[in-house]
There are 2 protein chains.
Amino acid sequence: MTELNIGPDELVRLAFVAHQHYIVGRTRIQIAQDLGLSRFKVGRMLDDAIAGGIVKFEISTPGPLDLGLSLKLKDRFGLKHALAVRTPTEAPETVQEHLGAVAAELLREIATDDDVIGLTAGRTLSAMAGALTTLPHCDVVQLAGVAGPIQETGVEVIRRVSSVASGRPWSIYAPLVVSDPRTAHAIRQQPDMQATFAQFARVTIALVAVGSWSPPDSQMYDNAAISPAQRSSLLEKGVRAEVCATLIDAQGSVVEDIEDSCIAIDTAALRRIPDVIAVAGGEHKTSAIRAALASGLVNSLITDSALAKRLIGE
Amino acid sequence: MTELNIGPDELVRLAFVAHQHYIVGRTRIQIAQDLGLSRFKVGRMLDDAIAGGIVKFEISTPGPLDLGLSLKLKDRFGLKHALAVRTPTEAPETVQEHLGAVAAELLREIATDDDVIGLTAGRTLSAMAGALTTLPHCDVVQLAGVAGPIQETGVEVIRRVSSVASGRPWSIYAPLVVSDPRTAHAIRQQPDMQATFAQFARVTIALVAVGSWSPPDSQMYDNAAISPAQRSSLLEKGVRAEVCATLIDAQGSVVEDIEDSCIAIDTAALRRIPDVIAVAGGEHKTSAIRAALASGLVNSLITDSALAKRLIGE
DNA sequence: AAGTAGTATGCTCATGTGAGCAAGTTGCTC
DNA sequence: GAGCAACTTGCTCACATGAGCATACTACTT
């Protein structure tokens, strides 16, 4: 009954009032004076305009961020930062490039002169390093040893980021995993290693990749220093993900086994870093990221929106 | 400097606040309490969100109305009602159908029981009559004699509208133009005619077609009762448009010549009708409508948006 | 190290706005 | 035409908000 009498003329009136208020920014009182109405009438016209769909509020972030998903992620997993990035496809290269760019922006935003940045390696973080243009003056610390192709190694990523930040790079010139704990121990004793390891406690912001073990998509899984037997054993123990060198099962529990053979920040030190931001996405990483979130080792996440949807079960 | 530090995280925060305020409808104070901020901070975040394009206000009428054009028309020509209707094409049939539908809606909206509706004929008003579904209980008065195909005559339009309104129809069973004033005078003397003519003073809302003389698109121009010599003479006098039977030149002045031969409301009576709404559009009607508006005979207009743009010179 | 310009934050005070109510108005029923 | 119900309108009062200012902080200059 009330709907029926809103004809085109009233529609135009409502739209006019809405335009004056929301676009031009005039107050209800001003509009009321112009039109010879009471401010109450104008207020009700605005209500009607909203109810009738004449005024729409559109909230959208410029750029590829999916706002709703980002907020849901943050809420659902109790994260400090959560960014769901819309990507054209879930092809690894596309996802890595987009996540890298957003990670670079986030880092630029949250990093201050007082921060010390920790990094691991990987293609996504390599893309991040490439997308970085400016940074405050921060030291940059490599959190784990070297694995994978040269341009994706931690060393290379650290070099690039520290150069943008014009801060000091603390690199790890050693493999991520070696075949036995004694060798690892010996490497860690080297003065250069000691110097870098001593920086771990200073790190305030860590950007970390998340490796997947099932399905395998990780710098560690395929590592030549891990024997097939070890790999099988670890899979049997339920390993799903690795963050730095820490292995995590589906429940988010840390699986202790080969950490002594790794040249990387230890789990306890990793937990002490205030901001640990996982940057990972793509089809194969879903359960790994779920595990990483469950572990509590990371408190922020940058991922693609398709993966985000899977995480929150939509 | 200030723009540079708005990164993705702040973007999400702004978007969250904007969503809470504009979509959920919470006050700045409530949001501030939730987030542990001052209400001023929240207010500034909202300002930033608007400035940064995160919040957009979209004002659009549902349906085919072009709000901006309608308002400009109203403003520019000092109209009481002005509706610019978006039509898919400017093909006459399309325009007539759309304008008719909007005219029907407008009539339904503004007509009350106290109104008496006056109508002329034509394809657009015929479409209007077809689109009408409900009306208050009003009498319906035919303002001009018959011309054109049966289903578009004033008689037929009046029949349909009065039937919807369940009011009394006052028809004119006579031609729009006859070949000489004496015949016209004799026809006007008929009791039925007298009865209808007596209603003209009661009419409060008139929906009128606008006929174009240059280019010719009119029920009168081609009328067999007008001799070629007369037609030429009128064109030489600068006739551009006809409203009811009143001829108008480009300046909006009434051209007196054949009114004595017409069976229709006279110009003076037409001027006394409070709401005279011209309903016309399409490629050929531009200068006719401009003339009709200039004459002041009509105080409202329903037209297509392409024509509206031409009128306001865009 | 002190100065200084730019920026961010939160205050006061005046103004803008919403909820709910009371007085009209309309349209209907009997 | 009286009575009634549904609706519209504008009011009061309490709350929400914006403008402008004072303070604090920052980053850069001297």
# chains A, B, ... in the order shown; residues from 1 in each chain; ligands from 1
$ select_by_dssp --residues "region 140-281 of chain B" --states "helix (DSSP H, G or I)" --output "ChimeraX atom specification"
/B:150-152,154-165,181-189,191-202,228-236,259-261,267-272
$ write_last_selection --atoms "N, CA and C atoms" --output "short mmCIF file (atom, residue, chain, number, x, y, z; two decimals), in the first residue's frame"
data_model
loop_
_atom_site.label_atom_id
_atom_site.label_comp_id
_atom_site.auth_asym_id
_atom_site.auth_seq_id
_atom_site.Cartn_x
_atom_site.Cartn_y
_atom_site.Cartn_z
N ILE B 150 -7.85 4.50 -35.63
CA ILE B 150 -8.87 4.35 -34.58
C ILE B 150 -8.30 4.14 -33.19
N GLN B 151 -7.37 3.17 -33.05
CA GLN B 151 -6.92 2.83 -31.70
C GLN B 151 -6.09 3.92 -31.04
N GLU B 152 -5.73 4.92 -31.83
CA GLU B 152 -4.97 6.02 -31.25
C GLU B 152 -5.80 7.28 -31.06
N GLY B 154 -8.40 10.07 -29.68
CA GLY B 154 -8.73 10.51 -28.34
C GLY B 154 -9.86 9.70 -27.75
N VAL B 155 -10.85 9.38 -28.58
CA VAL B 155 -12.01 8.64 -28.09
C VAL B 155 -11.58 7.33 -27.45
N GLU B 156 -10.69 6.62 -28.15
CA GLU B 156 -10.28 5.32 -27.66
C GLU B 156 -9.44 5.45 -26.39
N VAL B 157 -8.56 6.44 -26.37
CA VAL B 157 -7.72 6.67 -25.19
C VAL B 157 -8.58 7.02 -24.00
N ILE B 158 -9.54 7.93 -24.22
CA ILE B 158 -10.45 8.33 -23.14
C ILE B 158 -11.21 7.13 -22.59
N ARG B 159 -11.68 6.29 -23.52
CA ARG B 159 -12.46 5.11 -23.11
C ARG B 159 -11.66 4.25 -22.15
N ARG B 160 -10.42 3.98 -22.54
CA ARG B 160 -9.56 3.12 -21.74
C ARG B 160 -9.24 3.75 -20.38
N VAL B 161 -8.87 5.00 -20.39
CA VAL B 161 -8.47 5.65 -19.14
C VAL B 161 -9.66 5.80 -18.20
N SER B 162 -10.78 6.21 -18.73
CA SER B 162 -11.95 6.40 -17.85
C SER B 162 -12.40 5.06 -17.30
N SER B 163 -12.18 4.01 -18.09
CA SER B 163 -12.56 2.69 -17.60
C SER B 163 -11.67 2.29 -16.42
N VAL B 164 -10.37 2.56 -16.53
CA VAL B 164 -9.47 2.25 -15.40
C VAL B 164 -9.84 3.11 -14.19
N ALA B 165 -10.16 4.38 -14.45
CA ALA B 165 -10.48 5.28 -13.35
C ALA B 165 -11.90 5.07 -12.83
N PRO B 181 -14.36 27.24 -40.73
CA PRO B 181 -14.78 27.66 -39.39
C PRO B 181 -16.27 27.48 -39.15
N ARG B 182 -17.09 27.68 -40.18
CA ARG B 182 -18.54 27.61 -39.96
C ARG B 182 -18.96 26.20 -39.57
N THR B 183 -18.38 25.20 -40.27
CA THR B 183 -18.68 23.81 -39.90
C THR B 183 -18.24 23.53 -38.47
N ALA B 184 -17.04 23.97 -38.17
CA ALA B 184 -16.51 23.77 -36.82
C ALA B 184 -17.46 24.38 -35.80
N HIS B 185 -17.88 25.60 -36.07
CA HIS B 185 -18.79 26.27 -35.16
C HIS B 185 -20.07 25.47 -34.98
N ALA B 186 -20.61 24.97 -36.10
CA ALA B 186 -21.85 24.19 -36.04
C ALA B 186 -21.66 22.94 -35.19
N ILE B 187 -20.53 22.29 -35.38
CA ILE B 187 -20.27 21.07 -34.60
C ILE B 187 -20.21 21.41 -33.12
N ARG B 188 -19.52 22.49 -32.79
CA ARG B 188 -19.37 22.87 -31.38
C ARG B 188 -20.72 23.15 -30.72
N GLN B 189 -21.68 23.51 -31.53
CA GLN B 189 -22.99 23.83 -30.96
C GLN B 189 -23.77 22.59 -30.55
N PRO B 191 -25.18 19.51 -28.65
CA PRO B 191 -25.29 19.34 -27.19
C PRO B 191 -24.16 18.49 -26.58
N ASP B 192 -23.85 17.37 -27.24
CA ASP B 192 -22.77 16.52 -26.72
C ASP B 192 -21.46 17.29 -26.63
N MET B 193 -21.19 18.06 -27.69
CA MET B 193 -19.97 18.85 -27.73
C MET B 193 -19.97 19.87 -26.61
N GLN B 194 -21.09 20.55 -26.48
CA GLN B 194 -21.21 21.56 -25.44
C GLN B 194 -20.93 20.97 -24.07
N ALA B 195 -21.47 19.77 -23.87
CA ALA B 195 -21.28 19.12 -22.56
C ALA B 195 -19.80 18.88 -22.31
N THR B 196 -19.10 18.34 -23.32
CA THR B 196 -17.67 18.06 -23.13
C THR B 196 -16.88 19.36 -22.99
N PHE B 197 -17.19 20.34 -23.86
CA PHE B 197 -16.46 21.61 -23.79
C PHE B 197 -16.63 22.27 -22.43
N ALA B 198 -17.77 22.04 -21.80
CA ALA B 198 -18.01 22.63 -20.48
C ALA B 198 -17.09 22.02 -19.42
N GLN B 199 -16.57 20.84 -19.72
CA GLN B 199 -15.70 20.17 -18.75
C GLN B 199 -14.28 20.74 -18.74
N PHE B 200 -13.91 21.39 -19.82
CA PHE B 200 -12.51 21.85 -19.93
C PHE B 200 -12.07 22.66 -18.71
N ALA B 201 -13.00 23.45 -18.18
CA ALA B 201 -12.64 24.31 -17.05
C ALA B 201 -12.36 23.50 -15.79
N ARG B 202 -12.86 22.26 -15.77
CA ARG B 202 -12.69 21.44 -14.57
C ARG B 202 -11.37 20.65 -14.60
N PRO B 228 -3.26 22.10 -48.84
CA PRO B 228 -1.82 22.29 -49.02
C PRO B 228 -1.44 23.76 -48.90
N ALA B 229 -2.27 24.64 -49.39
CA ALA B 229 -1.97 26.07 -49.32
C ALA B 229 -1.91 26.52 -47.86
N GLN B 230 -2.90 26.07 -47.09
CA GLN B 230 -2.92 26.41 -45.66
C GLN B 230 -1.66 25.92 -44.97
N ARG B 231 -1.32 24.67 -45.30
CA ARG B 231 -0.16 24.05 -44.67
C ARG B 231 1.09 24.88 -44.97
N SER B 232 1.23 25.24 -46.23
CA SER B 232 2.40 26.04 -46.62
C SER B 232 2.40 27.37 -45.89
N SER B 233 1.25 27.97 -45.84
CA SER B 233 1.13 29.27 -45.19
C SER B 233 1.53 29.18 -43.72
N LEU B 234 1.06 28.12 -43.06
CA LEU B 234 1.37 27.94 -41.63
C LEU B 234 2.86 27.70 -41.44
N LEU B 235 3.42 26.91 -42.34
CA LEU B 235 4.86 26.65 -42.23
C LEU B 235 5.64 27.95 -42.42
N GLU B 236 5.14 28.77 -43.32
CA GLU B 236 5.80 30.06 -43.53
C GLU B 236 5.71 30.95 -42.31
N GLU B 259 -7.42 27.98 -35.72
CA GLU B 259 -8.06 27.51 -34.49
C GLU B 259 -9.59 27.50 -34.62
N ASP B 260 -10.12 28.39 -35.43
CA ASP B 260 -11.58 28.41 -35.57
C ASP B 260 -12.10 27.17 -36.28
N SER B 261 -11.23 26.52 -37.04
CA SER B 261 -11.65 25.31 -37.74
C SER B 261 -11.42 24.05 -36.93
N THR B 267 -6.75 27.79 -26.63
CA THR B 267 -5.47 28.05 -25.98
C THR B 267 -5.63 28.63 -24.58
N ALA B 268 -6.56 29.56 -24.44
CA ALA B 268 -6.74 30.21 -23.13
C ALA B 268 -7.16 29.19 -22.08
N ALA B 269 -8.09 28.30 -22.45
CA ALA B 269 -8.56 27.29 -21.50
C ALA B 269 -7.43 26.32 -21.17
N LEU B 270 -6.63 26.01 -22.17
CA LEU B 270 -5.50 25.11 -21.96
C LEU B 270 -4.54 25.71 -20.94
N ARG B 271 -4.32 27.01 -21.07
CA ARG B 271 -3.41 27.68 -20.13
C ARG B 271 -3.93 27.65 -18.70
N ARG B 272 -5.24 27.55 -18.56
CA ARG B 272 -5.82 27.58 -17.21
C ARG B 272 -5.71 26.23 -16.49
#
$ calpha_fit_and_write --fixed "chain A" --moving "chain B" --output "short mmCIF file (atom, residue, chain, number, x, y, z; two decimals) with C-alpha atoms, in the first residue's frame"
data_model
loop_
_atom_site.label_atom_id
_atom_site.label_comp_id
_atom_site.auth_asym_id
_atom_site.auth_seq_id
_atom_site.Cartn_x
_atom_site.Cartn_y
_atom_site.Cartn_z
CA MET B 1 -0.19 0.23 -0.19
CA THR B 2 2.71 2.40 0.74
CA GLU B 3 4.90 1.00 -2.02
CA LEU B 4 2.27 1.50 -4.66
CA ASN B 5 2.21 5.24 -4.48
CA ILE B 6 5.90 5.80 -5.10
CA GLY B 7 5.75 6.92 -8.70
CA PRO B 8 8.40 8.33 -10.97
CA ASP B 9 8.06 11.87 -9.71
CA GLU B 10 8.60 10.90 -6.10
CA LEU B 11 11.46 8.71 -7.28
CA VAL B 12 13.14 11.72 -8.79
CA ARG B 13 12.49 13.77 -5.68
CA LEU B 14 13.99 11.08 -3.47
CA ALA B 15 16.95 10.74 -5.76
CA PHE B 16 17.44 14.50 -5.75
CA VAL B 17 17.41 14.65 -1.98
CA ALA B 18 19.71 11.64 -1.75
CA HIS B 19 22.09 13.25 -4.20
CA GLN B 20 22.13 16.51 -2.30
CA HIS B 21 22.83 14.74 0.95
CA TYR B 22 25.22 11.95 0.04
CA ILE B 23 27.04 13.39 -2.95
CA VAL B 24 26.91 17.14 -2.42
CA GLY B 25 27.15 16.67 1.32
CA ARG B 26 24.47 19.10 2.40
CA THR B 27 22.73 18.52 5.70
CA ARG B 28 19.12 17.45 6.00
CA ILE B 29 18.33 20.85 7.44
CA GLN B 30 19.79 22.69 4.47
CA ILE B 31 17.92 20.52 2.02
CA ALA B 32 14.71 20.94 3.97
CA GLN B 33 15.05 24.71 3.81
CA ASP B 34 15.69 24.60 0.07
CA LEU B 35 12.65 22.51 -0.57
CA GLY B 36 10.43 24.03 2.06
CA LEU B 37 10.13 20.79 4.00
CA SER B 38 10.77 19.84 7.57
CA ARG B 39 14.06 18.19 8.32
CA PHE B 40 12.11 15.17 9.44
CA LYS B 41 10.50 14.83 6.08
CA VAL B 42 13.90 14.97 4.44
CA GLY B 43 15.22 12.39 6.87
CA ARG B 44 12.36 10.08 6.04
CA MET B 45 12.86 10.64 2.36
CA LEU B 46 16.45 9.57 2.76
CA ASP B 47 15.33 6.49 4.66
CA ASP B 48 12.88 5.72 1.88
CA ALA B 49 15.55 6.25 -0.74
CA ILE B 50 17.80 3.74 0.98
CA ALA B 51 14.95 1.29 1.55
CA GLY B 52 13.86 1.66 -2.07
CA GLY B 53 17.31 1.01 -3.41
CA ILE B 54 17.73 4.48 -4.86
CA VAL B 55 20.80 5.06 -2.74
CA LYS B 56 23.35 2.31 -2.60
CA PHE B 57 26.47 2.27 -0.53
CA GLU B 58 29.26 0.48 -2.21
CA ILE B 59 32.19 -0.47 -0.07
CA SER B 60 35.06 -1.83 -2.05
CA THR B 61 38.76 -1.58 -1.73
CA PRO B 62 40.47 -0.32 -4.81
CA GLY B 63 42.88 -2.98 -5.99
CA PRO B 64 42.54 -6.73 -5.78
CA LEU B 65 41.67 -7.11 -2.10
CA ASP B 66 38.53 -8.96 -1.17
CA LEU B 67 37.31 -7.05 1.82
CA GLY B 68 34.70 -9.44 3.10
CA LEU B 69 36.94 -12.45 2.90
CA SER B 70 39.81 -10.60 4.52
CA LEU B 71 37.63 -9.69 7.47
CA LYS B 72 36.23 -13.19 7.77
CA LEU B 73 39.71 -14.68 7.75
CA LYS B 74 40.86 -12.27 10.41
CA ASP B 75 37.87 -13.01 12.54
CA ARG B 76 37.78 -16.74 12.07
CA PHE B 77 41.44 -17.40 12.78
CA GLY B 78 42.07 -14.55 15.17
CA LEU B 79 44.67 -13.01 12.93
CA LYS B 80 46.41 -9.70 13.31
CA HIS B 81 46.45 -9.05 9.58
CA ALA B 82 44.51 -11.01 7.02
CA LEU B 83 44.39 -10.19 3.34
CA ALA B 84 42.49 -12.19 0.77
CA VAL B 85 43.71 -11.21 -2.68
CA ARG B 86 41.55 -11.67 -5.75
CA THR B 87 43.60 -13.33 -8.45
CA PRO B 88 42.50 -13.86 -12.06
CA THR B 89 43.30 -17.57 -11.81
CA GLU B 90 44.74 -19.91 -9.23
CA ALA B 91 47.70 -20.73 -11.41
CA PRO B 92 50.78 -20.67 -9.16
CA GLU B 93 52.61 -17.95 -11.10
CA THR B 94 49.62 -15.63 -11.05
CA VAL B 95 48.94 -16.18 -7.39
CA GLN B 96 52.57 -15.73 -6.43
CA GLU B 97 52.85 -12.48 -8.35
CA HIS B 98 49.70 -11.01 -6.82
CA LEU B 99 50.40 -12.15 -3.28
CA GLY B 100 53.94 -10.87 -3.57
CA ALA B 101 52.73 -7.44 -4.61
CA VAL B 102 50.25 -7.25 -1.75
CA ALA B 103 52.82 -8.54 0.73
CA ALA B 104 55.21 -5.82 -0.42
CA GLU B 105 52.53 -3.20 0.17
CA LEU B 106 51.69 -4.57 3.58
CA LEU B 107 55.33 -4.63 4.57
CA ARG B 108 55.80 -1.06 3.42
CA GLU B 109 52.76 -0.10 5.44
CA ILE B 110 53.49 -1.78 8.73
CA ALA B 111 57.29 -1.64 8.89
CA THR B 112 58.86 1.20 10.82
CA ASP B 113 62.46 2.14 11.50
CA ASP B 114 62.34 0.17 14.72
CA ASP B 115 61.48 -3.07 13.01
CA VAL B 116 63.75 -5.88 12.02
CA ILE B 117 62.45 -7.91 9.12
CA GLY B 118 62.79 -11.67 8.93
CA LEU B 119 62.34 -13.53 5.67
CA THR B 120 62.33 -17.00 4.26
CA ALA B 121 62.65 -17.91 0.60
CA GLY B 122 60.32 -19.09 -2.13
CA ARG B 123 58.73 -17.85 -5.28
CA THR B 124 56.04 -15.79 -3.58
CA LEU B 125 58.48 -13.98 -1.33
CA SER B 126 60.74 -13.52 -4.30
CA ALA B 127 57.85 -11.81 -6.08
CA MET B 128 57.33 -9.75 -2.93
CA ALA B 129 60.96 -8.64 -3.00
CA GLY B 130 60.62 -7.69 -6.65
CA ALA B 131 57.53 -5.61 -5.96
CA LEU B 132 59.08 -3.70 -3.08
CA THR B 133 59.94 -0.11 -3.89
CA THR B 134 60.39 1.64 -0.58
CA LEU B 135 60.90 0.59 2.99
CA PRO B 136 61.99 2.21 6.21
CA HIS B 137 65.55 1.73 7.28
CA CYS B 138 65.44 -1.82 8.69
CA ASP B 139 67.80 -4.70 9.07
CA VAL B 140 66.75 -7.81 7.18
CA VAL B 141 67.38 -11.26 8.56
CA GLN B 142 67.26 -14.54 6.70
CA LEU B 143 65.36 -17.05 8.81
CA ALA B 144 66.26 -20.27 7.03
CA GLY B 145 68.98 -21.78 4.88
CA VAL B 146 69.16 -22.03 1.15
CA ALA B 147 67.06 -24.28 -1.07
CA GLY B 148 65.63 -24.08 -4.55
CA PRO B 149 66.64 -22.06 -7.59
CA ILE B 150 69.11 -19.24 -7.04
CA GLN B 151 66.78 -16.30 -7.63
CA GLU B 152 64.33 -17.65 -5.10
CA THR B 153 66.74 -18.42 -2.33
CA GLY B 154 66.60 -16.61 0.94
CA VAL B 155 69.96 -15.06 0.17
CA GLU B 156 68.69 -13.42 -2.97
CA VAL B 157 65.45 -12.24 -1.35
CA ILE B 158 67.34 -10.80 1.61
CA ARG B 159 69.74 -9.01 -0.73
CA ARG B 160 66.92 -7.32 -2.59
CA VAL B 161 64.89 -6.35 0.47
CA SER B 162 67.82 -5.06 2.48
CA SER B 163 68.89 -3.05 -0.52
CA VAL B 164 65.47 -1.37 -0.72
CA ALA B 165 65.51 -0.82 3.04
CA SER B 166 69.14 0.24 2.93
CA GLY B 167 69.52 -1.77 6.13
CA ARG B 168 71.98 -4.47 6.93
CA PRO B 169 71.34 -7.93 5.46
CA TRP B 170 71.94 -10.95 7.69
CA SER B 171 72.21 -13.90 5.35
CA ILE B 172 72.56 -17.63 5.83
CA TYR B 173 75.02 -19.06 3.37
CA ALA B 174 74.19 -22.67 4.11
CA PRO B 175 71.66 -25.25 3.00
CA LEU B 176 68.21 -25.40 4.56
CA VAL B 177 68.67 -29.07 5.45
CA VAL B 178 71.75 -31.22 5.67
CA SER B 179 71.85 -34.97 5.89
CA ASP B 180 72.77 -35.28 9.57
CA PRO B 181 72.51 -33.27 12.78
CA ARG B 182 76.26 -33.20 13.38
CA THR B 183 76.94 -31.39 10.11
CA ALA B 184 74.14 -28.98 10.85
CA HIS B 185 75.57 -28.35 14.28
CA ALA B 186 79.02 -27.72 12.81
CA ILE B 187 77.62 -25.25 10.30
CA ARG B 188 75.73 -23.39 13.02
CA GLN B 189 78.97 -22.93 14.90
CA GLN B 190 80.49 -20.89 12.09
CA PRO B 191 80.95 -17.23 13.08
CA ASP B 192 78.83 -15.90 10.20
CA MET B 193 76.03 -18.26 11.16
CA GLN B 194 76.29 -17.31 14.79
CA ALA B 195 76.03 -13.66 13.87
CA THR B 196 72.86 -14.20 11.85
CA PHE B 197 71.33 -16.58 14.40
CA ALA B 198 71.89 -13.92 17.05
CA GLN B 199 69.62 -11.61 15.06
CA PHE B 200 66.60 -13.88 15.30
CA ALA B 201 65.67 -12.46 18.69
CA ARG B 202 65.56 -8.96 17.22
CA VAL B 203 63.17 -9.80 14.40
CA THR B 204 59.79 -8.10 14.80
CA ILE B 205 58.18 -8.82 11.44
CA ALA B 206 58.63 -12.11 9.65
CA LEU B 207 57.31 -12.88 6.19
CA VAL B 208 57.29 -16.61 5.76
CA ALA B 209 56.39 -19.01 3.03
CA VAL B 210 54.31 -22.05 3.85
CA GLY B 211 55.46 -25.32 2.34
CA SER B 212 52.95 -28.03 1.64
CA TRP B 213 53.72 -31.68 2.24
CA SER B 214 50.44 -33.13 1.10
CA PRO B 215 50.19 -32.47 -1.74
CA PRO B 216 53.93 -31.75 -1.84
CA ASP B 217 54.79 -28.18 -2.83
CA SER B 218 57.65 -27.14 -0.67
CA GLN B 219 61.32 -26.30 -0.62
CA MET B 220 61.90 -28.95 1.99
CA TYR B 221 59.91 -31.96 0.87
CA ASP B 222 61.95 -32.52 -2.24
CA ASN B 223 65.19 -31.59 -0.59
CA ALA B 224 68.01 -33.91 -1.58
CA ALA B 225 69.28 -33.95 1.99
CA ILE B 226 66.15 -35.73 3.12
CA SER B 227 66.17 -39.46 2.45
CA PRO B 228 63.11 -41.15 0.98
CA ALA B 229 62.78 -43.11 4.20
CA GLN B 230 62.78 -39.93 6.26
CA ARG B 231 60.24 -38.38 3.95
CA SER B 232 57.94 -41.37 4.28
CA SER B 233 58.36 -41.41 8.00
CA LEU B 234 57.48 -37.72 8.28
CA LEU B 235 54.46 -38.16 6.07
CA GLU B 236 53.36 -41.00 8.29
CA LYS B 237 53.65 -38.71 11.27
CA GLY B 238 51.09 -36.55 9.51
CA VAL B 239 53.25 -33.64 8.41
CA ARG B 240 51.19 -31.27 6.33
CA ALA B 241 53.13 -28.05 6.27
CA GLU B 242 56.44 -26.44 6.99
CA VAL B 243 57.03 -22.91 8.16
CA CYS B 244 60.72 -22.00 8.14
CA ALA B 245 62.01 -25.40 9.14
CA THR B 246 59.22 -26.24 11.54
CA LEU B 247 57.03 -29.16 10.48
CA ILE B 248 53.35 -29.10 11.34
CA ASP B 249 50.63 -31.74 11.20
CA ALA B 250 46.97 -31.29 10.32
CA GLN B 251 46.07 -30.44 13.92
CA GLY B 252 48.67 -27.71 14.00
CA SER B 253 51.03 -29.60 16.27
CA VAL B 254 54.73 -29.29 15.66
CA VAL B 255 56.29 -32.53 14.44
CA GLU B 256 59.76 -32.83 15.85
CA ASP B 257 62.13 -34.95 13.88
CA ILE B 258 64.62 -33.34 11.55
CA GLU B 259 64.92 -29.89 13.12
CA ASP B 260 68.42 -30.74 14.28
CA SER B 261 69.46 -31.21 10.67
CA CYS B 262 68.09 -27.82 9.62
CA ILE B 263 69.87 -24.51 9.44
CA ALA B 264 66.99 -22.19 10.34
CA ILE B 265 65.32 -20.32 13.14
CA ASP B 266 64.03 -22.76 15.75
CA THR B 267 60.35 -23.05 16.54
CA ALA B 268 60.58 -21.35 19.92
CA ALA B 269 62.37 -18.31 18.48
CA LEU B 270 59.86 -18.17 15.65
CA ARG B 271 57.04 -18.04 18.17
CA ARG B 272 58.68 -15.08 19.87
CA ILE B 273 58.47 -12.92 16.75
CA PRO B 274 55.55 -10.54 17.26
CA ASP B 275 54.36 -10.51 13.63
CA VAL B 276 54.69 -13.68 11.63
CA ILE B 277 52.99 -13.24 8.29
CA ALA B 278 52.38 -16.27 6.12
CA VAL B 279 52.36 -15.43 2.44
CA ALA B 280 51.08 -18.32 0.39
CA GLY B 281 48.25 -19.37 -1.86
CA GLY B 282 47.27 -21.52 -4.78
CA GLU B 283 45.37 -24.72 -5.20
CA HIS B 284 47.81 -27.03 -3.42
CA LYS B 285 48.45 -25.03 -0.31
CA THR B 286 45.05 -25.20 1.33
CA SER B 287 45.68 -27.85 3.94
CA ALA B 288 49.21 -26.62 4.58
CA ILE B 289 47.93 -23.14 5.35
CA ARG B 290 45.15 -24.53 7.49
CA ALA B 291 47.78 -26.43 9.46
CA ALA B 292 50.02 -23.38 9.75
CA LEU B 293 47.14 -21.31 11.08
CA ALA B 294 46.18 -24.04 13.53
CA SER B 295 49.73 -24.16 14.85
CA GLY B 296 49.63 -20.57 15.95
CA LEU B 297 53.09 -20.08 14.52
CA VAL B 298 51.77 -17.45 12.17
CA ASN B 299 49.44 -14.67 13.24
CA SER B 300 48.84 -13.05 9.88
CA LEU B 301 48.05 -14.36 6.44
CA ILE B 302 48.17 -13.13 2.89
CA THR B 303 46.52 -15.56 0.52
CA ASP B 304 44.39 -15.71 -2.59
CA SER B 305 40.64 -15.37 -2.28
CA ALA B 306 39.87 -18.83 -3.63
CA LEU B 307 41.99 -20.38 -0.92
CA ALA B 308 40.52 -18.03 1.64
CA LYS B 309 37.06 -19.26 0.70
CA ARG B 310 38.14 -22.84 1.19
CA LEU B 311 39.59 -21.96 4.58
CA ILE B 312 36.41 -20.43 5.87
CA GLY B 313 34.39 -23.23 4.33
CA GLU B 314 32.37 -21.40 1.72
#
$ interface_residues --of "chain C" --to "chain B" --cutoff "10 Å" --atoms "only C-alpha atoms (C1' of nucleotides)" --output "list of chain:residue names"
C:DT7, C:DA8, C:DT9, C:DG10
$ residues_around --residues "region 13-29 of chain C" --least-positions-apart "5" --cutoff "9 Å" --atoms "only C-alpha atoms (C1' of nucleotides)" --output "ChimeraX atom specification"
/A:27-29,43 /D:3-12,15-19
$ select_by_dssp --residues "region 193-225 of chain A" --states "strand (DSSP E)" --output "PyMOL selection string"
chain A and resi 205-208+210-213+216-217
